[in-house]
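Colleague: Sending over entry_1.cif (mmCIF, C-alpha atoms).
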```cif
data_query
#
loop_
_atom_site.label_atom_id
_atom_site.label_comp_id
_atom_site.auth_asym_id
_atom_site.auth_seq_id
_atom_site.Cartn_x
_atom_site.Cartn_y
_atom_site.Cartn_z
CA MET Q 3 -83.56 -64.61 -20.05
CA THR Q 4 -86.87 -62.78 -20.57
CA LEU Q 5 -89.78 -65.21 -20.84
CA LYS Q 6 -93.15 -64.42 -22.38
CA GLU Q 7 -95.89 -66.90 -23.15
CA ALA Q 8 -95.94 -67.59 -26.86
CA MET Q 9 -98.87 -67.03 -29.19
CA PHE Q 10 -100.27 -69.56 -31.67
CA TYR Q 11 -99.91 -72.87 -29.87
CA THR Q 12 -102.09 -75.55 -28.35
CA LYS Q 13 -101.57 -77.92 -25.44
CA GLU Q 14 -101.82 -81.68 -25.67
CA GLY Q 15 -101.22 -82.90 -22.15
CA GLN Q 16 -97.73 -81.67 -21.33
CA LYS Q 17 -96.82 -81.41 -25.03
CA THR Q 18 -97.23 -78.14 -26.92
CA ASN Q 19 -97.97 -77.78 -30.64
CA CYS Q 20 -96.67 -74.54 -32.17
CA PHE Q 21 -98.42 -73.07 -35.21
CA LEU Q 22 -96.50 -69.82 -35.63
CA CYS Q 23 -94.77 -71.11 -38.76
CA PRO Q 24 -95.25 -73.99 -41.21
CA GLN Q 25 -92.80 -76.19 -39.29
CA ASN Q 26 -95.72 -76.90 -36.88
CA CYS Q 27 -93.36 -78.15 -34.19
CA SER Q 28 -94.63 -80.63 -31.61
CA ILE Q 29 -92.55 -79.82 -28.53
CA PRO Q 30 -92.23 -82.04 -25.44
CA PRO Q 31 -91.58 -80.56 -21.98
CA GLY Q 32 -88.07 -79.11 -21.88
CA GLY Q 33 -87.83 -79.09 -25.67
CA LYS Q 34 -87.56 -76.26 -28.16
CA GLY Q 35 -88.94 -75.73 -31.64
CA ILE Q 36 -86.77 -75.79 -34.76
CA CYS Q 37 -86.35 -72.02 -34.39
CA GLY Q 38 -84.54 -72.49 -31.07
CA VAL Q 39 -86.45 -69.69 -29.33
CA ARG Q 40 -89.78 -71.26 -28.35
CA GLU Q 41 -89.54 -73.65 -25.41
CA ASN Q 42 -92.03 -75.89 -23.64
CA ILE Q 43 -91.64 -75.22 -19.91
CA ASP Q 44 -93.92 -77.43 -17.82
CA GLY Q 45 -96.53 -77.63 -20.56
CA THR Q 46 -96.58 -73.93 -21.47
CA LEU Q 47 -94.87 -72.59 -24.58
CA TYR Q 48 -92.66 -69.56 -24.01
CA THR Q 49 -90.75 -67.30 -26.36
CA LEU Q 50 -87.15 -66.94 -25.18
CA ASN Q 51 -86.12 -63.89 -27.20
CA TYR Q 52 -88.81 -61.36 -26.31
CA ALA Q 53 -87.16 -57.89 -26.14
CA ARG Q 54 -83.72 -59.48 -26.50
CA VAL Q 55 -81.77 -57.45 -29.07
CA SER Q 56 -78.52 -58.75 -30.56
CA ALA Q 57 -77.99 -55.97 -33.12
CA PHE Q 58 -79.07 -52.32 -33.35
CA ASN Q 59 -78.03 -49.96 -36.15
CA LEU Q 60 -79.21 -46.95 -38.10
CA ASP Q 61 -78.96 -48.15 -41.71
CA PRO Q 62 -79.65 -46.78 -45.17
CA ILE Q 63 -83.01 -48.18 -46.27
CA GLU Q 64 -81.24 -49.53 -49.38
CA LYS Q 65 -79.28 -51.92 -47.15
CA LYS Q 66 -82.40 -54.00 -46.31
CA PRO Q 67 -82.52 -54.03 -49.41
CA LEU Q 68 -85.43 -51.75 -50.26
CA TYR Q 69 -84.90 -49.60 -53.35
CA HIS Q 70 -88.44 -48.35 -54.00
CA PHE Q 71 -89.43 -47.45 -50.43
CA PHE Q 72 -88.30 -44.00 -49.26
CA PRO Q 73 -85.06 -44.08 -51.30
CA GLY Q 74 -82.17 -42.28 -49.65
CA LYS Q 75 -83.70 -42.44 -46.17
CA TRP Q 76 -82.47 -44.16 -42.99
CA ILE Q 77 -84.12 -46.72 -40.75
CA VAL Q 78 -83.39 -48.11 -37.28
CA SER Q 79 -82.61 -51.81 -37.73
CA VAL Q 80 -82.88 -54.38 -34.94
CA GLY Q 81 -82.51 -58.12 -34.64
CA SER Q 82 -82.59 -60.85 -32.03
CA PHE Q 83 -81.62 -64.52 -32.49
CA GLY Q 84 -83.06 -67.73 -33.89
CA CYS Q 85 -84.45 -68.87 -37.25
CA ASN Q 86 -87.06 -71.36 -38.44
CA LEU Q 87 -85.15 -72.42 -41.55
CA LYS Q 88 -81.80 -74.23 -41.68
CA CYS Q 89 -80.16 -72.81 -44.79
CA SER Q 90 -76.70 -74.32 -45.11
CA PHE Q 91 -75.40 -71.08 -46.71
CA CYS Q 92 -76.70 -68.80 -43.89
CA GLN Q 93 -74.95 -65.43 -43.94
CA ASN Q 94 -76.03 -64.57 -40.37
CA TYR Q 95 -75.54 -67.94 -38.70
CA SER Q 96 -73.95 -66.41 -35.57
CA ILE Q 97 -77.37 -65.02 -34.56
CA ALA Q 98 -79.63 -67.36 -36.54
CA HIS Q 99 -78.24 -70.62 -35.17
CA GLN Q 100 -76.33 -69.57 -32.08
CA VAL Q 101 -77.25 -67.57 -28.98
CA PRO Q 102 -75.33 -64.27 -29.11
CA ASP Q 103 -74.95 -61.62 -26.44
CA THR Q 104 -78.11 -59.53 -26.21
CA VAL Q 105 -79.44 -56.49 -24.38
CA LEU Q 106 -82.94 -55.99 -23.04
CA LEU Q 107 -84.86 -53.42 -25.09
CA PRO Q 108 -88.61 -53.28 -24.35
CA PRO Q 109 -90.88 -52.03 -27.14
CA GLU Q 110 -91.34 -48.57 -25.63
CA GLU Q 111 -87.58 -48.03 -25.32
CA LEU Q 112 -86.96 -49.14 -28.90
CA ILE Q 113 -89.64 -46.75 -30.14
CA ASP Q 114 -88.12 -43.89 -28.13
CA LYS Q 115 -84.75 -44.61 -29.74
CA ALA Q 116 -86.35 -44.72 -33.19
CA LEU Q 117 -88.17 -41.42 -32.63
CA SER Q 118 -85.00 -39.71 -31.44
CA SER Q 119 -82.81 -40.99 -34.29
CA ARG Q 120 -82.20 -38.21 -36.79
CA ASP Q 121 -83.61 -38.68 -40.32
CA ASN Q 122 -85.09 -42.04 -39.32
CA ILE Q 123 -88.34 -43.19 -40.95
CA GLY Q 124 -89.10 -46.21 -38.75
CA ILE Q 125 -87.99 -49.65 -37.58
CA ALA Q 126 -86.74 -52.60 -39.62
CA TYR Q 127 -86.94 -56.02 -37.97
CA THR Q 128 -84.03 -57.80 -39.60
CA TYR Q 129 -80.66 -59.60 -39.25
CA ASN Q 130 -82.15 -62.85 -37.92
CA GLU Q 131 -85.66 -64.07 -38.81
CA PRO Q 132 -88.20 -61.59 -37.38
CA SER Q 133 -91.24 -63.85 -37.70
CA ILE Q 134 -89.99 -66.05 -34.83
CA TRP Q 135 -89.56 -62.84 -32.78
CA TYR Q 136 -93.27 -62.51 -33.34
CA GLU Q 137 -94.63 -61.35 -29.99
CA TYR Q 138 -92.06 -58.57 -29.69
CA VAL Q 139 -92.41 -57.47 -33.31
CA LEU Q 140 -96.21 -57.34 -33.00
CA ASP Q 141 -96.14 -55.37 -29.74
CA THR Q 142 -93.57 -52.93 -31.08
CA ALA Q 143 -95.10 -52.52 -34.52
CA ARG Q 144 -98.51 -51.65 -33.07
CA ILE Q 145 -97.09 -48.77 -31.01
CA ALA Q 146 -94.70 -47.64 -33.75
CA HIS Q 147 -97.61 -47.51 -36.19
CA GLN Q 148 -99.54 -45.26 -33.81
CA LYS Q 149 -96.50 -42.98 -33.48
CA GLY Q 150 -96.18 -42.54 -37.25
CA LEU Q 151 -93.10 -44.73 -37.68
CA ARG Q 152 -92.88 -47.15 -40.62
CA ASN Q 153 -92.46 -50.85 -39.88
CA VAL Q 154 -90.35 -53.02 -42.18
CA LEU Q 155 -89.88 -56.80 -42.11
CA VAL Q 156 -86.82 -58.40 -43.69
CA THR Q 157 -87.97 -61.99 -43.65
CA ASN Q 158 -87.75 -65.47 -45.13
CA GLY Q 159 -91.54 -65.44 -45.43
CA TYR Q 160 -91.87 -68.71 -43.52
CA ILE Q 161 -94.82 -67.80 -41.33
CA SER Q 162 -98.29 -69.30 -40.96
CA GLU Q 163 -101.31 -67.56 -42.42
CA GLU Q 164 -103.08 -66.41 -39.25
CA PRO Q 165 -100.00 -64.82 -37.59
CA LEU Q 166 -99.18 -63.06 -40.86
CA LYS Q 167 -102.74 -61.81 -41.22
CA ARG Q 168 -102.67 -60.36 -37.69
CA LEU Q 169 -99.33 -58.61 -38.21
CA LEU Q 170 -99.79 -57.16 -41.70
CA PRO Q 171 -102.01 -54.17 -40.72
CA PHE Q 172 -98.98 -52.69 -38.93
CA ILE Q 173 -96.38 -53.44 -41.64
CA ASP Q 174 -95.52 -50.87 -44.31
CA ALA Q 175 -92.92 -52.80 -46.31
CA MET Q 176 -91.35 -56.22 -46.56
CA ASN Q 177 -88.29 -57.64 -48.22
CA ILE Q 178 -89.00 -61.34 -48.58
CA ASP Q 179 -86.38 -63.96 -49.38
CA VAL Q 180 -87.48 -66.32 -52.12
CA LYS Q 181 -84.52 -68.63 -51.88
CA ALA Q 182 -85.32 -70.62 -55.01
CA PHE Q 183 -88.28 -71.58 -57.14
CA GLY Q 184 -87.75 -75.29 -56.79
CA GLY Q 185 -89.24 -77.29 -53.96
CA ASP Q 186 -86.23 -79.61 -53.80
CA PHE Q 187 -83.91 -76.71 -52.97
CA TYR Q 188 -86.14 -75.61 -50.11
CA SER Q 189 -86.51 -79.06 -48.61
CA ARG Q 190 -82.89 -80.16 -49.08
CA VAL Q 191 -80.93 -76.94 -48.47
CA CYS Q 192 -83.28 -74.89 -46.24
CA LYS Q 193 -85.45 -77.54 -44.52
CA GLY Q 194 -88.65 -75.75 -45.54
CA ARG Q 195 -91.33 -75.68 -48.22
CA LEU Q 196 -91.58 -73.30 -51.15
CA GLU Q 197 -95.38 -73.20 -51.20
CA SER Q 198 -95.49 -71.56 -47.75
CA VAL Q 199 -93.26 -68.72 -48.93
CA VAL Q 200 -95.30 -68.31 -52.12
CA ARG Q 201 -98.43 -67.91 -50.01
CA THR Q 202 -96.75 -65.25 -47.84
CA VAL Q 203 -95.59 -63.24 -50.86
CA GLU Q 204 -99.01 -63.38 -52.51
CA ARG Q 205 -100.75 -62.13 -49.37
CA ALA Q 206 -98.11 -59.48 -48.61
CA VAL Q 207 -98.27 -57.82 -52.04
CA ARG Q 208 -101.96 -57.15 -51.43
CA ASN Q 209 -101.25 -55.38 -48.16
CA CYS Q 210 -97.94 -53.51 -48.24
CA HIS Q 211 -94.91 -52.60 -50.32
CA VAL Q 212 -92.92 -55.75 -51.20
CA GLU Q 213 -89.48 -56.35 -52.65
CA ILE Q 214 -87.94 -59.78 -53.22
CA THR Q 215 -84.40 -61.04 -52.66
CA THR Q 216 -82.89 -64.23 -54.07
CA LEU Q 217 -79.37 -65.32 -53.17
CA VAL Q 218 -78.13 -67.04 -56.32
CA VAL Q 219 -76.03 -70.13 -55.65
CA GLU Q 220 -74.41 -71.30 -58.87
CA GLY Q 221 -75.38 -74.86 -59.71
CA LEU Q 222 -78.15 -75.06 -57.11
CA ASN Q 223 -80.85 -72.46 -57.75
CA ASP Q 224 -79.79 -70.79 -61.02
CA ASP Q 225 -81.66 -73.12 -63.37
CA SER Q 226 -83.03 -70.97 -66.19
CA GLY Q 227 -86.39 -72.75 -66.24
CA GLU Q 228 -86.95 -72.21 -62.53
CA LEU Q 229 -85.83 -68.59 -62.74
CA GLU Q 230 -88.25 -67.92 -65.60
CA GLU Q 231 -91.07 -69.59 -63.68
CA MET Q 232 -90.33 -67.34 -60.72
CA GLY Q 233 -90.24 -64.29 -62.99
CA ARG Q 234 -93.61 -65.16 -64.52
CA TRP Q 235 -95.11 -65.62 -61.07
CA LEU Q 236 -93.84 -62.29 -59.72
CA GLY Q 237 -94.61 -60.41 -62.92
CA GLY Q 238 -98.10 -61.86 -62.97
CA MET Q 239 -98.76 -60.14 -59.64
CA ASN Q 240 -97.06 -56.86 -60.49
CA LYS Q 241 -94.30 -56.20 -63.04
CA ASN Q 242 -93.02 -53.41 -60.80
CA ILE Q 243 -92.08 -55.66 -57.87
CA PRO Q 244 -88.35 -55.00 -57.37
CA LEU Q 245 -86.19 -58.13 -57.40
CA HIS Q 246 -82.72 -58.20 -55.84
CA LEU Q 247 -80.36 -60.96 -57.01
CA SER Q 248 -77.58 -61.36 -54.47
CA ARG Q 249 -74.22 -63.01 -54.97
CA TYR Q 250 -73.56 -66.09 -52.86
CA TYR Q 251 -70.25 -66.33 -51.00
CA PRO Q 252 -69.14 -69.39 -48.97
CA ALA Q 253 -70.66 -69.24 -45.49
CA TYR Q 254 -71.74 -71.42 -42.57
CA LYS Q 255 -71.88 -75.05 -43.79
CA MET Q 256 -71.61 -74.39 -47.54
CA ASN Q 257 -68.20 -74.04 -49.16
CA ARG Q 258 -69.12 -73.99 -52.84
CA PRO Q 259 -67.26 -71.33 -54.87
CA ALA Q 260 -68.76 -67.85 -54.94
CA THR Q 261 -71.31 -67.33 -57.68
CA SER Q 262 -69.81 -65.77 -60.80
CA VAL Q 263 -70.93 -62.30 -61.84
CA GLN Q 264 -71.74 -63.71 -65.29
CA VAL Q 265 -74.33 -66.08 -63.77
CA LEU Q 266 -75.92 -63.16 -61.95
CA MET Q 267 -76.05 -61.07 -65.13
CA GLU Q 268 -77.63 -63.95 -67.04
CA ALA Q 269 -80.22 -64.39 -64.29
CA LYS Q 270 -80.96 -60.67 -64.41
CA GLY Q 271 -81.49 -60.88 -68.18
CA LEU Q 272 -83.99 -63.71 -67.74
CA MET Q 273 -85.93 -61.89 -65.03
CA LYS Q 274 -86.08 -58.64 -66.99
CA LYS Q 275 -88.39 -60.41 -69.42
CA TYR Q 276 -91.04 -60.41 -66.69
CA LEU Q 277 -90.09 -57.63 -64.24
CA ASN Q 278 -89.32 -53.95 -64.76
CA HIS Q 279 -86.81 -53.59 -61.93
CA VAL Q 280 -84.12 -56.23 -61.34
CA TYR Q 281 -81.02 -55.38 -59.29
CA ILE Q 282 -77.80 -57.21 -58.51
CA GLY Q 283 -76.68 -56.98 -54.90
CA ASN Q 284 -73.27 -57.11 -53.20
CA VAL Q 285 -71.26 -56.74 -56.44
CA PRO Q 286 -69.35 -53.43 -56.48
CA GLY Q 287 -69.45 -51.51 -59.74
CA VAL Q 288 -72.72 -52.95 -61.05
CA ASP Q 289 -75.29 -50.36 -62.12
CA ASN Q 290 -78.13 -50.48 -59.60
CA SER Q 291 -79.80 -47.22 -60.56
CA THR Q 292 -83.54 -47.16 -61.20
CA TYR Q 293 -84.85 -46.31 -64.68
CA CYS Q 294 -88.30 -45.54 -66.01
CA PRO Q 295 -89.59 -48.78 -67.57
CA HIS Q 296 -91.39 -46.79 -70.28
CA CYS Q 297 -88.75 -44.38 -71.60
CA GLY Q 298 -85.47 -45.35 -69.88
CA GLN Q 299 -85.03 -42.07 -68.01
CA LYS Q 300 -82.81 -42.46 -64.92
CA LEU Q 301 -84.99 -41.91 -61.85
CA ILE Q 302 -82.69 -42.77 -58.96
CA GLU Q 303 -78.90 -42.96 -59.14
CA ARG Q 304 -77.17 -45.35 -56.76
CA ASN Q 305 -73.53 -45.91 -55.94
CA MET Q 306 -73.70 -48.63 -53.27
CA TYR Q 307 -75.64 -46.85 -50.50
CA ARG Q 308 -75.13 -43.33 -51.83
CA VAL Q 309 -78.42 -42.33 -53.43
CA THR Q 310 -79.37 -39.35 -55.58
CA ARG Q 311 -83.05 -38.90 -56.33
CA LEU Q 312 -83.60 -37.48 -59.80
CA LEU Q 313 -87.39 -37.31 -59.59
CA ALA Q 314 -89.48 -34.86 -57.62
CA SER Q 315 -92.80 -36.72 -57.73
CA ASP Q 316 -94.28 -40.10 -58.62
CA GLU Q 317 -94.14 -39.25 -62.32
CA CYS Q 318 -91.25 -39.61 -64.76
CA SER Q 319 -90.07 -36.11 -65.73
CA ARG Q 320 -89.49 -37.19 -69.35
CA CYS Q 321 -92.59 -39.19 -70.30
CA GLY Q 322 -94.98 -38.49 -67.43
CA SER Q 323 -95.57 -42.15 -66.61
CA LYS Q 324 -96.50 -43.02 -63.06
CA VAL Q 325 -93.57 -44.44 -61.09
CA ASP Q 326 -94.16 -47.23 -58.55
CA ILE Q 327 -91.83 -45.81 -55.88
CA ILE Q 328 -92.84 -44.62 -52.41
CA LEU Q 329 -91.30 -41.19 -51.81
CA ASP Q 330 -91.64 -38.74 -48.92
#
```
Could you spell out this file's structure in structure tokens?

Modeller:
Amino acid sequence: MTLKEAMFYTKEGQKTNCFLCPQNCSIPPGGKGICGVRENIDGTLYTLNYARVSAFNLDPIEKKPLYHFFPGKWIVSVGSFGCNLKCSFCQNYSIAHQVPDTVLLPPEELIDKALSSRDNIGIAYTYNEPSIWYEYVLDTARIAHQKGLRNVLVTNGYISEEPLKRLLPFIDAMNIDVKAFGGDFYSRVCKGRLESVVRTVERAVRNCHVEITTLVVEGLNDDSGELEEMGRWLGGMNKNIPLHLSRYYPAYKMNRPATSVQVLMEAKGLMKKYLNHVYIGNVPGVDNSTYCPHCGQKLIERNMYRVTRLLASDECSRCGSKVDIILD
């Protein structure tokens, strides 16, 4: 195991108080935080997953999902293990809540791999929760930024304000999970607090490209009133924030039936009142192309991860309106 002293903690005798995320864990000697990867060893807090990589792939950028950030491009995607939420429907529980096999990949080696990967635009920190991989992500993102690589976080947004503020100058795009817009869902199903995620989203949209993902669980977070409240909030910041509504399937500790496609389509209809770009994920055959919100011209055609760009610049070829999509 590679040990590195953690950032954002204080000592109280032999106890350590971690402030990386809103869980604010108080950790006795020999104990770990809720994330499972920050351990108090003799009164010093260490991160256990520094440079430990459980997954490495070259993915389409759309798989993150990011639809308005270099569409059609590829990105090196890496993950480690651990998570600071306890979602009972976790799709990646084998690395979020277990300790998988890992390989040692120091920041410089990861960056060399990213630079040598053909057609790659950067590095996505994903699969498990990257914010609790903080020290490694920060070290890597700094160097990658200097080398001209783009840095992407695929995150639950459950990070404290100061760590987020320090990391954001090196981040080009984020896909942030907003798991619901009801505090009860967060506290009961995810063991977290909605207001912390709201704060992260509001800061992130002022600093980098942001897209939002919500996994819709029928009967738990598909209330029309809550969905509309979430739509108003996102649209009030920027109507062009892309929203991805994903279909829930039974996983980890939750065995409720899979969400019906009809519920997803109804949720999309509600959100389209407030947002220009709403997509439905992981449902084959659904139209996920991007259209001009002013005239309806198709701008990007998508068939799963096969992408055809139909625009040559940041303007719609039919009406000339500016398009909020980051191209080459």

Colleague: Name all residues at most 8 Å from Ser133 of chain Q (count all atoms listed in the file; drop same-chain ones fewer than 4 positions away) and give them as a PyMOL selection string.

Modeller: chain Q and resi 139+157+159-161

Colleague: Please provide the set of residues having any atom within 6 Å of segment 35-39 of chain Q, restricted to only C-alpha atoms, with same-chain residues fewer than 6 positions apart removed, written as a count of residues only.

Modeller: 6

Colleague: Name the residues that the PyMOL selection byres ((chain Q and resi 60-75) around 8) pulls out of this structure, and write them as a PDB file with C-alpha atoms, in the coordinates of the input.

Modeller:
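Written file, result-v4.pdb:
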```
ATOM      1  CA  PHE Q  58     -79.070 -52.320 -33.350  1.00  0.00           C
ATOM      2  CA  ASN Q  59     -78.030 -49.960 -36.150  1.00  0.00           C
ATOM      3  CA  TRP Q  76     -82.470 -44.160 -42.990  1.00  0.00           C
ATOM      4  CA  ILE Q  77     -84.120 -46.720 -40.750  1.00  0.00           C
ATOM      5  CA  VAL Q  78     -83.390 -48.110 -37.280  1.00  0.00           C
ATOM      6  CA  SER Q  79     -82.610 -51.810 -37.730  1.00  0.00           C
ATOM      7  CA  SER Q 119     -82.810 -40.990 -34.290  1.00  0.00           C
ATOM      8  CA  ASP Q 121     -83.610 -38.680 -40.320  1.00  0.00           C
ATOM      9  CA  ASN Q 122     -85.090 -42.040 -39.320  1.00  0.00           C
ATOM     10  CA  ILE Q 123     -88.340 -43.190 -40.950  1.00  0.00           C
ATOM     11  CA  THR Q 128     -84.030 -57.800 -39.600  1.00  0.00           C
ATOM     12  CA  VAL Q 156     -86.820 -58.400 -43.690  1.00  0.00           C
ATOM     13  CA  ALA Q 175     -92.920 -52.800 -46.310  1.00  0.00           C
ATOM     14  CA  ASN Q 177     -88.290 -57.640 -48.220  1.00  0.00           C
ATOM     15  CA  HIS Q 211     -94.910 -52.600 -50.320  1.00  0.00           C
ATOM     16  CA  GLU Q 213     -89.480 -56.350 -52.650  1.00  0.00           C
ATOM     17  CA  THR Q 215     -84.400 -61.040 -52.660  1.00  0.00           C
ATOM     18  CA  PRO Q 244     -88.350 -55.000 -57.370  1.00  0.00           C
ATOM     19  CA  HIS Q 246     -82.720 -58.200 -55.840  1.00  0.00           C
ATOM     20  CA  TYR Q 307     -75.640 -46.850 -50.500  1.00  0.00           C
ATOM     21  CA  ARG Q 308     -75.130 -43.330 -51.830  1.00  0.00           C
ATOM     22  CA  VAL Q 309     -78.420 -42.330 -53.430  1.00  0.00           C
ATOM     23  CA  THR Q 310     -79.370 -39.350 -55.580  1.00  0.00           C
ATOM     24  CA  ARG Q 311     -83.050 -38.900 -56.330  1.00  0.00           C
ATOM     25  CA  ASP Q 326     -94.160 -47.230 -58.550  1.00  0.00           C
ATOM     26  CA  ILE Q 327     -91.830 -45.810 -55.880  1.00  0.00           C
ATOM     27  CA  ILE Q 328     -92.840 -44.620 -52.410  1.00  0.00           C
ATOM     28  CA  LEU Q 329     -91.300 -41.190 -51.810  1.00  0.00           C
ATOM     29  CA  ASP Q 330     -91.640 -38.740 -48.920  1.00  0.00           C
TER      30      ASP Q 330
END
```

Colleague: Evaluate the PyMOL selection byres ((chain Q and resi 268) around 12) here and jot the selected residues down as a list in words.

Modeller: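 Output of the PyMOL selection byres ((chain Q and resi 268) around 12): Val218, Glu220, Asp224, Asp225, Ser226, Leu229, Glu230, Leu247, Thr261, Ser262, Val263, Gln264, Val265, Leu266, Met267, Ala269, Lys270, Gly271, Leu272, Met273, Lys274, Lys275, Val280 and Ile282 of chain Q.
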
Colleague: Just the residues within 10 Å of segment 140-148 of chain Q, please, counting only C-alpha atoms, with nothing from its chain fewer than 2 positions along; format it as a PyMOL selection string.

Modeller: chain Q and resi 53+108-114+116-117+124-127+133+135-138+150-154+165+168-174

Colleague: Mind pulling up the distance from atom CA of Ile243 of chain Q to atom CA of Ile214 of chain Q?

Modeller: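 According to the coordinates, atom CA of Ile214 of chain Q and atom CA of Ile243 of chain Q are separated by 7.5 Å.
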
Colleague: I'd like the interatomic distance between atom CA of Leu155 of chain Q and atom CA of Pro132 of chain Q, to a tenth of an Å.

Modeller: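 According to the coordinates, atom CA of Leu155 of chain Q and atom CA of Pro132 of chain Q are separated by 6.9 Å.
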
Colleague: Give me the residues within 8 Å of segment 93-99 of chain Q as a ChimeraX atom specification, counting only C-alpha atoms and dropping any in the same chain fewer than 5 places off.

Modeller: /Q:38,56,82-85,129-131,253-254

Colleague: Can you list, as a PyMOL selection string, the residues that the PyMOL selection byres ((chain Q and resi 181) around 12) selects here?

Modeller: chain Q and resi 87-92+157-160+178-180+182-197+199-200+214-219+222-224+228-229+232+245-248+250

Colleague: Could you check how far atom CA of Ser28 of chain Q sits from atom CA of Ser198 of chain Q, in Å to one decimal?

Modeller: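 It comes out at 18.5 Å.
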
Colleague: Residues within 12 Å of Gly33 of chain Q, please, as a list of chain:residue names. Count only C-alpha atoms; anything in the same chain fewer than 5 positions from it doesn't count.

Modeller: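 Contacts, with the query itself left out: Q:Gln16, Q:Lys17, Q:Thr18, Q:Asn19, Q:Cys20, Q:Cys27, Q:Ser28, Q:Gly38, Q:Val39, Q:Arg40, Q:Glu41, Q:Asn42, Q:Ile43, Q:Asp44, Q:Gly45, Q:Thr46, Q:Leu47, Q:Tyr48.
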
Colleague: Would you mind telling me which residue in Q:Ser323, Q:Asn290, Q:Asn209, Q:Asn278 lies nearest to Gly237 of chain Q when using only C-alpha atoms?

Modeller: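 Of Q:Ser323, Q:Asn290, Q:Asn209, Q:Asn278, the one nearest Gly237 of chain Q is Q:Asn278, counting only C-alpha atoms.
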